[in-house]
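One file, work-v4.pdb, carrying PDB, C-alpha atoms:
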ATOM      1  CA  MET G 261      -8.452  -3.917  70.250
ATOM      2  CA  GLU G 262     -11.006  -4.849  72.889
ATOM      3  CA  ALA G 263     -10.106  -8.505  72.565
ATOM      4  CA  ILE G 264      -6.436  -7.723  73.146
ATOM      5  CA  GLN G 265      -7.216  -5.646  76.230
ATOM      6  CA  ALA G 266      -9.473  -8.383  77.562
ATOM      7  CA  ALA G 267      -6.880 -11.077  76.793
ATOM      8  CA  LYS G 268      -4.236  -8.981  78.554
ATOM      9  CA  ALA G 269      -6.520  -8.848  81.570
ATOM     10  CA  GLY G 270      -6.623 -12.654  81.571
ATOM     11  CA  ASP G 271      -9.897 -13.273  79.718
ATOM     12  CA  GLN G 272      -9.390 -16.719  78.184
ATOM     13  CA  ARG G 273     -12.366 -16.431  75.867
ATOM     14  CA  ALA G 274     -10.988 -13.178  74.464
ATOM     15  CA  PHE G 275      -7.648 -14.839  73.773
ATOM     16  CA  LYS G 276      -9.445 -17.753  72.125
ATOM     17  CA  ARG G 277     -11.309 -15.258  69.918
ATOM     18  CA  LEU G 278      -7.981 -13.693  68.890
ATOM     19  CA  VAL G 279      -6.633 -17.112  67.961
ATOM     20  CA  GLU G 280      -9.733 -17.951  65.941
ATOM     21  CA  GLN G 281      -9.645 -14.572  64.198
ATOM     22  CA  HIS G 282      -6.006 -14.888  63.083
ATOM     23  CA  ALA G 283      -5.617 -18.664  62.737
ATOM     24  CA  ASP G 284      -6.339 -18.778  58.977
ATOM     25  CA  PRO G 285      -3.815 -16.155  57.808
ATOM     26  CA  VAL G 286      -1.149 -17.417  60.200
ATOM     27  CA  ARG G 287      -1.623 -21.032  59.084
ATOM     28  CA  ARG G 288      -1.527 -19.881  55.474
ATOM     29  CA  THR G 289       1.838 -18.185  56.029
ATOM     30  CA  VAL G 290       3.295 -21.161  57.860
ATOM     31  CA  ILE G 291       1.982 -23.675  55.325
ATOM     32  CA  SER G 292       3.317 -21.541  52.486
ATOM     33  CA  MET G 293       6.737 -21.731  54.157
ATOM     34  CA  LEU G 294       6.735 -25.348  55.353
ATOM     35  CA  GLY G 295       4.067 -27.141  53.368
ATOM     36  CA  GLU G 296       1.012 -28.874  54.778
ATOM     37  CA  GLY G 297       1.539 -31.269  57.651
ATOM     38  CA  PRO G 298       1.692 -31.707  61.409
ATOM     39  CA  LEU G 299       4.904 -29.708  61.650
ATOM     40  CA  ALA G 300       3.224 -26.657  60.105
ATOM     41  CA  GLU G 301       0.303 -27.046  62.531
ATOM     42  CA  ASP G 302       2.709 -27.162  65.481
ATOM     43  CA  VAL G 303       4.517 -24.049  64.267
ATOM     44  CA  ALA G 304       1.221 -22.195  63.695
ATOM     45  CA  GLN G 305       0.149 -23.026  67.237
ATOM     46  CA  GLU G 306       3.522 -21.922  68.571
ATOM     47  CA  VAL G 307       2.942 -18.500  66.956
ATOM     48  CA  PHE G 308      -0.080 -17.971  69.202
ATOM     49  CA  ILE G 309       1.720 -19.307  72.249
ATOM     50  CA  ARG G 310       4.389 -16.654  71.619
ATOM     51  CA  LEU G 311       1.584 -14.102  71.284
ATOM     52  CA  TYR G 312       0.143 -15.185  74.627
ATOM     53  CA  ARG G 313       3.496 -14.709  76.308
ATOM     54  CA  SER G 314       3.973 -11.245  74.776
ATOM     55  CA  LEU G 315       0.454  -9.882  75.181
ATOM     56  CA  GLY G 316       1.675  -7.213  77.560
ATOM     57  CA  LYS G 317       3.676  -5.512  74.783
ATOM     58  CA  PHE G 318       0.737  -4.730  72.516
ATOM     59  CA  GLN G 319      -0.664  -1.238  72.315
ATOM     60  CA  GLY G 320      -3.190  -1.730  69.523
ATOM     61  CA  ALA G 321      -4.711  -4.231  67.137
ATOM     62  CA  ALA G 322      -3.066  -2.693  64.056
ATOM     63  CA  GLN G 323       0.314  -4.208  64.795
ATOM     64  CA  LEU G 324      -1.035  -7.618  65.798
ATOM     65  CA  GLY G 325      -1.230  -9.017  62.253
ATOM     66  CA  THR G 326       2.274  -7.775  61.506
ATOM     67  CA  TYR G 327       3.576  -9.250  64.753
ATOM     68  CA  LEU G 328       1.942 -12.625  64.100
ATOM     69  CA  HIS G 329       3.337 -12.844  60.569
ATOM     70  CA  ARG G 330       6.800 -11.822  61.747
ATOM     71  CA  VAL G 331       6.756 -14.565  64.388
ATOM     72  CA  ALA G 332       5.310 -17.061  61.881
ATOM     73  CA  ILE G 333       8.037 -16.354  59.321
ATOM     74  CA  ASN G 334      10.826 -16.429  61.903
ATOM     75  CA  LEU G 335       9.600 -19.671  63.455
ATOM     76  CA  ALA G 336       9.252 -21.227  59.998
ATOM     77  CA  LEU G 337      12.794 -20.139  59.068
ATOM     78  CA  ASP G 338      14.115 -21.583  62.352
ATOM     79  CA  THR G 339      12.251 -24.816  61.695
ATOM     80  CA  ILE G 340      13.742 -25.094  58.203
ATOM     81  CA  LYS G 341      17.230 -24.549  59.649
ATOM     82  CA  GLN G 342      16.661 -27.182  62.339
ATOM     83  CA  GLN G 343      15.370 -29.643  59.759
ATOM     84  CA  LYS G 344      18.376 -29.016  57.528
ATOM     85  CA  ARG G 345      20.726 -29.611  60.456
ATOM     86  CA  ARG G 346      18.872 -32.777  61.404
ATOM     87  CA  ARG G 347      18.906 -33.982  57.816
ATOM     88  CA  ARG G 348      22.653 -33.392  57.599
ATOM     89  CA  TRP G 349      23.100 -35.744  60.553
ATOM     90  CA  GLN G 350      20.523 -38.261  59.447
ATOM     91  CA  LEU G 351      21.539 -38.631  55.821
ATOM     92  CA  PRO G 352      24.741 -40.611  56.465
ATOM     93  CA  PHE G 353      22.701 -43.037  58.549
ATOM     94  CA  GLY G 354      19.935 -43.441  55.974
ATOM     95  CA  LYS G 355      17.212 -41.766  58.020
ATOM     96  CA  ASN G 356      15.875 -39.299  55.505
ATOM     97  CA  THR G 357      12.224 -40.226  55.699
ATOM     98  CA  GLU G 358      11.202 -38.109  58.687
ATOM     99  CA  LEU G 359      11.360 -34.802  56.832
ATOM    100  CA  THR G 360       8.628 -35.540  54.375
ATOM    101  CA  ALA G 361       6.646 -37.432  56.977
ATOM    102  CA  LYS G 362       6.721 -34.390  59.267
ATOM    103  CA  GLY G 363       5.609 -32.016  56.552
ATOM    104  CA  ILE G 364       8.760 -30.442  55.060
ATOM    105  CA  ALA G 365       8.758 -31.003  51.365
ATOM    106  CA  ASP G 366      11.634 -32.913  49.859
ATOM    107  CA  PRO G 367      13.388 -30.341  47.650
ATOM    108  CA  ASP G 368      14.358 -33.018  45.183
ATOM    109  CA  VAL G 369      10.783 -34.092  44.641
ATOM    110  CA  GLN G 370       9.776 -34.205  40.991
ATOM    111  CA  PHE G 371       6.335 -32.782  40.560
ATOM    112  CA  GLU G 372       4.038 -34.281  38.005
ATOM    113  CA  ARG G 373       2.192 -32.267  35.406
ATOM    114  CA  GLN G 374      -0.823 -30.937  37.222
ATOM    115  CA  ASP G 375      -2.912 -27.962  38.110
ATOM    116  CA  LEU G 376      -0.960 -24.665  38.226
ATOM    117  CA  ARG G 377      -1.939 -23.980  41.830
ATOM    118  CA  GLU G 378      -0.648 -27.316  43.055
ATOM    119  CA  GLY G 379       2.467 -26.956  40.928
ATOM    120  CA  ILE G 380       3.094 -23.533  42.384
ATOM    121  CA  ALA G 381       2.791 -24.784  45.943
ATOM    122  CA  LYS G 382       5.464 -27.372  45.217
ATOM    123  CA  ALA G 383       7.684 -24.978  43.287
ATOM    124  CA  LEU G 384       7.426 -22.539  46.170
ATOM    125  CA  ARG G 385       8.960 -25.072  48.520
ATOM    126  CA  GLN G 386      11.934 -25.462  46.210
ATOM    127  CA  LEU G 387      12.874 -21.810  46.683
ATOM    128  CA  THR G 388      15.413 -20.854  49.318
ATOM    129  CA  PRO G 389      13.742 -19.992  52.653
ATOM    130  CA  GLU G 390      14.579 -16.281  52.225
ATOM    131  CA  PHE G 391      12.907 -16.145  48.795
ATOM    132  CA  ARG G 392       9.975 -18.154  50.102
ATOM    133  CA  ALA G 393       9.475 -15.638  52.916
ATOM    134  CA  VAL G 394       9.174 -12.635  50.575
ATOM    135  CA  VAL G 395       6.903 -14.516  48.163
ATOM    136  CA  THR G 396       4.724 -15.650  51.065
ATOM    137  CA  LEU G 397       4.314 -12.165  52.482
ATOM    138  CA  ARG G 398       3.997 -10.228  49.235
ATOM    139  CA  LEU G 399       2.265 -12.619  46.856
ATOM    140  CA  VAL G 400       0.460 -15.123  49.068
ATOM    141  CA  GLN G 401      -0.568 -12.769  51.886
ATOM    142  CA  GLY G 402      -0.751  -9.592  49.808
ATOM    143  CA  TYR G 403       1.417  -7.352  51.969
ATOM    144  CA  SER G 404       3.060  -4.398  50.225
ATOM    145  CA  VAL G 405       6.812  -4.425  49.640
ATOM    146  CA  GLN G 406       7.185  -1.888  52.457
ATOM    147  CA  GLU G 407       5.120  -3.987  54.880
ATOM    148  CA  ALA G 408       7.012  -7.148  53.946
ATOM    149  CA  ALA G 409      10.265  -5.273  54.541
ATOM    150  CA  ASN G 410       9.032  -4.197  57.988
ATOM    151  CA  ILE G 411       7.974  -7.714  58.899
ATOM    152  CA  LEU G 412      11.262  -9.238  57.748
ATOM    153  CA  ASP G 413      13.289  -6.305  59.057
ATOM    154  CA  ILE G 414      15.203  -5.900  55.791
ATOM    155  CA  PRO G 415      15.385  -2.964  53.323
ATOM    156  CA  THR G 416      12.617  -2.571  50.729
ATOM    157  CA  GLY G 417      15.212  -2.835  47.958
ATOM    158  CA  THR G 418      16.201  -6.279  49.227
ATOM    159  CA  VAL G 419      12.559  -7.382  49.269
ATOM    160  CA  ALA G 420      12.072  -6.119  45.703
ATOM    161  CA  SER G 421      15.192  -7.830  44.372
ATOM    162  CA  ARG G 422      14.424 -11.113  46.178
ATOM    163  CA  LEU G 423      10.898 -10.963  44.806
ATOM    164  CA  ALA G 424      12.093 -10.519  41.247
ATOM    165  CA  ARG G 425      14.621 -13.348  41.545
ATOM    166  CA  ALA G 426      12.119 -15.608  43.291
ATOM    167  CA  GLN G 427       9.541 -15.075  40.542
ATOM    168  CA  ARG G 428      12.105 -15.832  37.836
ATOM    169  CA  LYS G 429      13.044 -19.031  39.683
ATOM    170  CA  LEU G 430       9.401 -20.002  40.098
ATOM    171  CA  GLN G 431       8.805 -19.467  36.390
ATOM    172  CA  GLU G 432      11.853 -21.605  35.576
ATOM    173  CA  LEU G 433      10.633 -24.417  37.817
ATOM    174  CA  LEU G 434       7.148 -24.305  36.378
ATOM    175  CA  ARG G 435       8.383 -24.132  32.784
ATOM    176  CA  ALA G 436      10.601 -27.144  33.415
ATOM    177  CA  GLU G 437       7.401 -29.005  34.203
ATOM    178  CA  GLY G 438       5.735 -27.978  30.993
ATOM    179  CA  TRP G 439       3.854 -24.869  32.108
ATOM    180  CA  ARG G 440       3.312 -22.395  29.301
TER     181      ARG G 440
ATOM    182  CA  MET R  22      15.817   2.976  22.411
ATOM    183  CA  LYS R  23      15.745   0.967  25.664
ATOM    184  CA  ASP R  24      17.299  -2.504  25.736
ATOM    185  CA  LYS R  25      15.542  -5.738  26.624
ATOM    186  CA  ASN R  26      17.157  -6.124  30.065
ATOM    187  CA  TYR R  27      15.979  -2.668  31.061
ATOM    188  CA  ILE R  28      12.422  -3.452  29.957
ATOM    189  CA  LYS R  29      12.526  -6.762  31.828
ATOM    190  CA  GLU R  30      13.756  -5.065  34.998
ATOM    191  CA  LEU R  31      11.005  -2.476  34.574
ATOM    192  CA  LEU R  32       8.440  -5.212  34.083
ATOM    193  CA  TYR R  33       9.303  -6.906  37.398
ATOM    194  CA  ARG R  34       9.530  -3.605  39.211
ATOM    195  CA  SER R  35       6.151  -2.464  37.883
ATOM    196  CA  LEU R  36       4.443  -5.459  39.491
ATOM    197  CA  ASP R  37       5.424  -4.597  43.049
ATOM    198  CA  THR R  38       6.268  -0.921  43.196
ATOM    199  CA  SER R  39       5.004   2.180  41.471
ATOM    200  CA  ILE R  40       6.931   3.344  38.421
ATOM    201  CA  SER R  41       7.006   6.821  36.900
ATOM    202  CA  ARG R  42       4.837   7.819  33.959
ATOM    203  CA  LYS R  43       7.900   7.873  31.747
ATOM    204  CA  GLU R  44       8.829   4.346  32.849
ATOM    205  CA  GLU R  45       5.258   3.193  32.224
ATOM    206  CA  GLN R  46       5.538   4.508  28.709
ATOM    207  CA  ASN R  47       8.912   2.795  28.199
ATOM    208  CA  LEU R  48       7.454  -0.470  29.487
ATOM    209  CA  ALA R  49       4.424  -0.289  27.196
ATOM    210  CA  GLU R  50       6.635   0.370  24.174
ATOM    211  CA  GLY R  51       9.104  -2.336  25.243
ATOM    212  CA  LEU R  52       6.378  -4.960  25.582
ATOM    213  CA  ILE R  53       5.331  -4.243  21.993
ATOM    214  CA  ARG R  54       8.913  -4.416  20.779
ATOM    215  CA  PHE R  55       9.725  -7.633  22.671
ATOM    216  CA  PRO R  56       6.719  -9.965  22.421
ATOM    217  CA  GLU R  57       8.546 -12.601  24.533
ATOM    218  CA  LEU R  58       8.454 -10.130  27.430
ATOM    219  CA  GLU R  59       4.728  -9.676  26.900
ATOM    220  CA  THR R  60       4.388 -13.483  27.179
ATOM    221  CA  GLU R  61       6.534 -13.444  30.315
ATOM    222  CA  ARG R  62       4.366 -10.713  31.780
ATOM    223  CA  ASN R  63       1.218 -12.757  31.182
ATOM    224  CA  GLN R  64       2.819 -15.816  32.768
ATOM    225  CA  LEU R  65       3.907 -13.753  35.761
ATOM    226  CA  LEU R  66       0.418 -12.389  36.230
ATOM    227  CA  ARG R  67      -1.105 -15.880  36.073
ATOM    228  CA  MET R  68       1.488 -17.184  38.494
ATOM    229  CA  ARG R  69       0.898 -14.338  40.922
ATOM    230  CA  GLU R  70      -2.840 -14.887  40.687
ATOM    231  CA  ALA R  71      -2.347 -18.565  41.511
ATOM    232  CA  LEU R  72      -0.121 -17.686  44.471
ATOM    233  CA  ALA R  73      -2.694 -15.232  45.814
ATOM    234  CA  ALA R  74      -5.360 -17.923  45.478
ATOM    235  CA  MET R  75      -3.211 -20.637  47.031
ATOM    236  CA  LYS R  76      -5.453 -22.828  49.100
ATOM    237  CA  VAL R  77      -4.502 -24.422  52.367
ATOM    238  CA  SER R  78      -6.440 -26.993  54.372
ATOM    239  CA  THR R  79      -9.152 -25.591  56.608
ATOM    240  CA  THR R  80      -8.130 -24.762  60.149
ATOM    241  CA  PRO R  81      -8.755 -27.768  62.415
ATOM    242  CA  THR R  82     -11.725 -27.218  64.703
ATOM    243  CA  ASP R  83      -9.589 -27.883  67.777
ATOM    244  CA  PHE R  84      -6.840 -25.427  66.743
ATOM    245  CA  SER R  85      -7.624 -22.751  69.325
ATOM    246  CA  GLU R  86      -8.232 -25.382  72.023
ATOM    247  CA  SER R  87      -4.795 -26.864  71.312
ATOM    248  CA  VAL R  88      -3.223 -23.415  71.630
ATOM    249  CA  LEU R  89      -5.022 -22.804  74.937
ATOM    250  CA  ALA R  90      -3.818 -26.138  76.238
ATOM    251  CA  LYS R  91      -0.207 -25.460  75.240
ATOM    252  CA  ARG R  92       0.105 -21.823  76.235
ATOM    253  CA  GLN R  93       1.424 -22.399  79.767
ATOM    254  CA  PRO R  94       5.123 -21.571  79.962
ATOM    255  CA  PRO R  95       7.345 -24.656  79.976
ATOM    256  CA  GLN R  96       7.776 -26.122  83.438
ATOM    257  CA  VAL R  97      11.072 -25.145  85.000
ATOM    258  CA  ILE R  98      12.555 -27.862  87.162
ATOM    259  CA  PRO R  99      12.796 -26.739  90.839
ATOM    260  CA  LEU R 100      16.612 -26.696  90.952
ATOM    261  CA  GLN R 101      16.733 -24.380  87.922
ATOM    262  CA  ARG R 102      14.092 -22.140  89.430
ATOM    263  CA  TRP R 103      15.977 -21.822  92.742
ATOM    264  CA  ALA R 104      19.469 -21.685  91.240
ATOM    265  CA  PRO R 105      19.899 -17.874  91.550
ATOM    266  CA  GLN R 106      18.748 -17.888  95.184
ATOM    267  CA  ILE R 107      21.018 -20.835  96.028
ATOM    268  CA  ALA R 108      23.972 -19.078  94.396
ATOM    269  CA  ALA R 109      23.223 -15.855  96.300
ATOM    270  CA  ALA R 110      22.976 -17.767  99.598
ATOM    271  CA  CYS R 111      26.332 -19.483  98.950
ATOM    272  CA  VAL R 112      27.983 -16.134  98.262
ATOM    273  CA  LEU R 113      26.456 -14.697 101.440
ATOM    274  CA  VAL R 114      27.684 -17.606 103.586
ATOM    275  CA  LEU R 115      31.183 -17.340 102.097
ATOM    276  CA  LEU R 116      31.239 -13.580 102.607
ATOM    277  CA  SER R 117      30.124 -13.818 106.256
ATOM    278  CA  PHE R 118      32.784 -16.510 106.839
ATOM    279  CA  VAL R 119      35.501 -14.260 105.401
ATOM    280  CA  LEU R 120      34.232 -11.205 107.307
ATOM    281  CA  SER R 121      34.077 -13.091 110.601
ATOM    282  CA  ILE R 122      37.718 -14.111 110.160
ATOM    283  CA  TYR R 123      38.696 -10.583 109.249
ATOM    284  CA  PHE R 124      36.959  -8.948 112.195
ATOM    285  CA  GLY R 125      38.021 -11.734 114.585
ATOM    286  CA  GLU R 126      41.668 -11.957 113.592
ATOM    287  CA  GLY R 127      42.205  -8.512 112.067
ATOM    288  CA  SER R 128      43.559  -9.846 108.788
ATOM    289  CA  LEU R 129      42.912 -12.367 106.040
ATOM    290  CA  ASP R 130      46.345 -13.970 105.795
ATOM    291  CA  MET R 131      46.807 -17.761 105.696
ATOM    292  CA  THR R 132      47.480 -18.032 109.432
ATOM    293  CA  SER R 133      44.207 -16.272 110.258
ATOM    294  CA  VAL R 134      42.220 -18.423 107.861
ATOM    295  CA  LEU R 135      43.741 -21.738 109.011
ATOM    296  CA  GLY R 136      43.771 -20.750 112.706
ATOM    297  CA  VAL R 137      47.289 -22.143 113.350
ATOM    298  CA  GLU R 138      50.676 -20.580 112.744
ATOM    299  CA  GLU R 139      52.516 -23.669 111.633
ATOM    300  CA  LEU R 140      51.393 -27.197 111.140
ATOM    301  CA  SER R 141      54.145 -29.833 111.272
ATOM    302  CA  PRO R 142      53.389 -33.428 110.121
ATOM    303  CA  GLU R 143      53.588 -34.658 113.729
ATOM    304  CA  GLU R 144      51.010 -32.087 114.848
ATOM    305  CA  ALA R 145      48.733 -32.988 111.952
ATOM    306  CA  TYR R 146      48.956 -36.667 112.994
ATOM    307  CA  THR R 147      48.127 -35.756 116.583
ATOM    308  CA  LEU R 148      45.190 -33.577 115.505
ATOM    309  CA  LEU R 149      43.786 -36.310 113.273
ATOM    310  CA  ASN R 150      44.011 -38.871 116.093
ATOM    311  CA  TYR R 151      42.479 -36.431 118.541
TER     312      TYR R 151
END

Target encoding structure tokens, full file:
Amino acid sequence: MEAIQAAKAGDQRAFKRLVEQHADPVRRTVISMLGEGPLAEDVAQEVFIRLYRSLGKFQGAAQLGTYLHRVAINLALDTIKQQKRRRRWQLPFGKNTELTAKGIADPDVQFERQDLREGIAKALRQLTPEFRAVVTLRLVQGYSVQEAANILDIPTGTVASRLARAQRKLQELLRAEGWR
Amino acid sequence: MKDKNYIKELLYRSLDTSISRKEEQNLAEGLIRFPELETERNQLLRMREALAAMKVSTTPTDFSESVLAKRQPPQVIPLQRWAPQIAAACVLVLLSFVLSIYFGEGSLDMTSVLGVEELSPEEAYTLLNY
């Protein structure tokens, strides 16, 4: 709360403290959506740049985490859309390498038999972006269904049904790779 | 006797939302009756545990510095920045031109705007040479 007030007043160190305090969870959300890589780092940084530009709107610290995750998810979804559009144009010209190089996982990638956690990270990136968003908020970040619904601005019933379908899909993907 | 699909739906719902005592009881009985759902439940729990424990690389030490360096709003090129003022000035000039004609000539018809009543080709030639 104090840090926000100080950052609003132009205290650069206070803003830096806010970034440091929230960098881990925000990066975790973005990486869960986009996979590790420079693109995810850029998007995570952009989340805080958006915060800086909207500091005036904040009343209290309680909504800051929610705001940051909402921006993180929306920016990640936009990035996925942009990448899909770019890929659609690049594919006919044989330029499909940039996506993986920039950090978006190739959905067709075959994952080898390996540790469940690594397998899950890869399976997660094979879900549709909408499913990935609910899994990220509810299961990776631990938000309640209600909180996830608030962040995504969709009804709780939609979150619950997407969650159930996403988990079934994840199980399918993992089973296909020999997970029992 | 509840069917398997109902128990499965209950199983998924129980993981993320609260279910009634009666539903809890139905789920417990269903998991005994359908051992494959009990296996699915265990897999789901392990999967959810792995998701909650998903590790990401540690935050780069220069992360906050990079944010501080980037946080300035994007530079707007001067023409874009002044575009509204330029547009307003153009409108003002045009308006004062029209008003001066109106107050000077008492109307805004074509003759008042052009300043001549008729312009024959010969007169136009003479004016251009002049």

Exercise for the section: Mind listing whatever residues come within 9 Å of the point (5.0, -8.5, 59.5)? Use all atoms listed in the file, file coordinates, and give them as a list of chain:residue names. Expected result: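 These residues have at least one counted atom within 9 Å: G:Gln323, G:Leu324, G:Gly325, G:Thr326, G:Tyr327, G:Leu328, G:His329, G:Arg330, G:Val331, G:Ala332, G:Ile333, G:Leu397, G:Tyr403, G:Glu407, G:Ala408, G:Ala409, G:Asn410, G:Ile411, G:Leu412, G:Asp413.
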
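Between atom CA of G:Glu390 and atom CA of G:Leu315 the interatomic distance comes to 27.7 Å.
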
Practice task
Excluding stretch 296-301 of chain G and residues on its chain fewer than 4 positions from it, collect all residues at most 12 Å away from it, counting all atoms listed in the file, and give them as a VMD selection string.
Solution key: (chain G and resid 283 to 284 286 to 292 305 to 308 332 to 333 335 to 337 339 to 340 343 358 to 365 378 381 to 382 385) or (chain R and resid 76 to 81 83 to 85 87 to 88)

Completion exercise
Nearest to G:Phe318, restricted to all atoms listed in the file and choosing among G:Ala266, G:Ile414, G:Ile380, G:Val303, comes out as G:Ala266

Exercise for the section: Run the PyMOL selection byres ((chain R) within 9 of (chain G)) against the file shown and list the residues it catches, as a PyMOL selection string. Expected result: chain R and resi 30+33-34+37-38+61+64-65+68-80+84-89+91-94

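Between atom CA of R:Val114 and atom CA of R:Leu129 there is a distance of 16.3 Å.
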
Exercise for the section: Starting from the shown file, work through the PyMOL selection byres ((chain R and resi 50-55) around 12) and note down what comes out as a PyMOL selection string. Expected result: chain R and resi 22-32+43-49+56-63

Exercise for the section: Work out how far apart atom CA of G:Ala383 and atom CA of R:Thr82 are and give it in Å to one decimal. Expected result: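 Distance between the two atoms: 29.0 Å.
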
Handout entry: Option closest in space to G:Ala393, from G:Trp349, G:Leu294, G:Ile264, G:Glu437 [counting only C-alpha atoms]
Key = G:Leu294

Would you compute an axis-aligned box for stretch 41-58 of chain R, covering every atom listed for it in the file with 5 Å of margin on each side, and report centre and edge lengths in Å to one decimal as JSON?
{"center_x": 7.1, "center_y": -2.4, "center_z": 28.8, "size_x": 15.3, "size_y": 30.5, "size_z": 26.1}
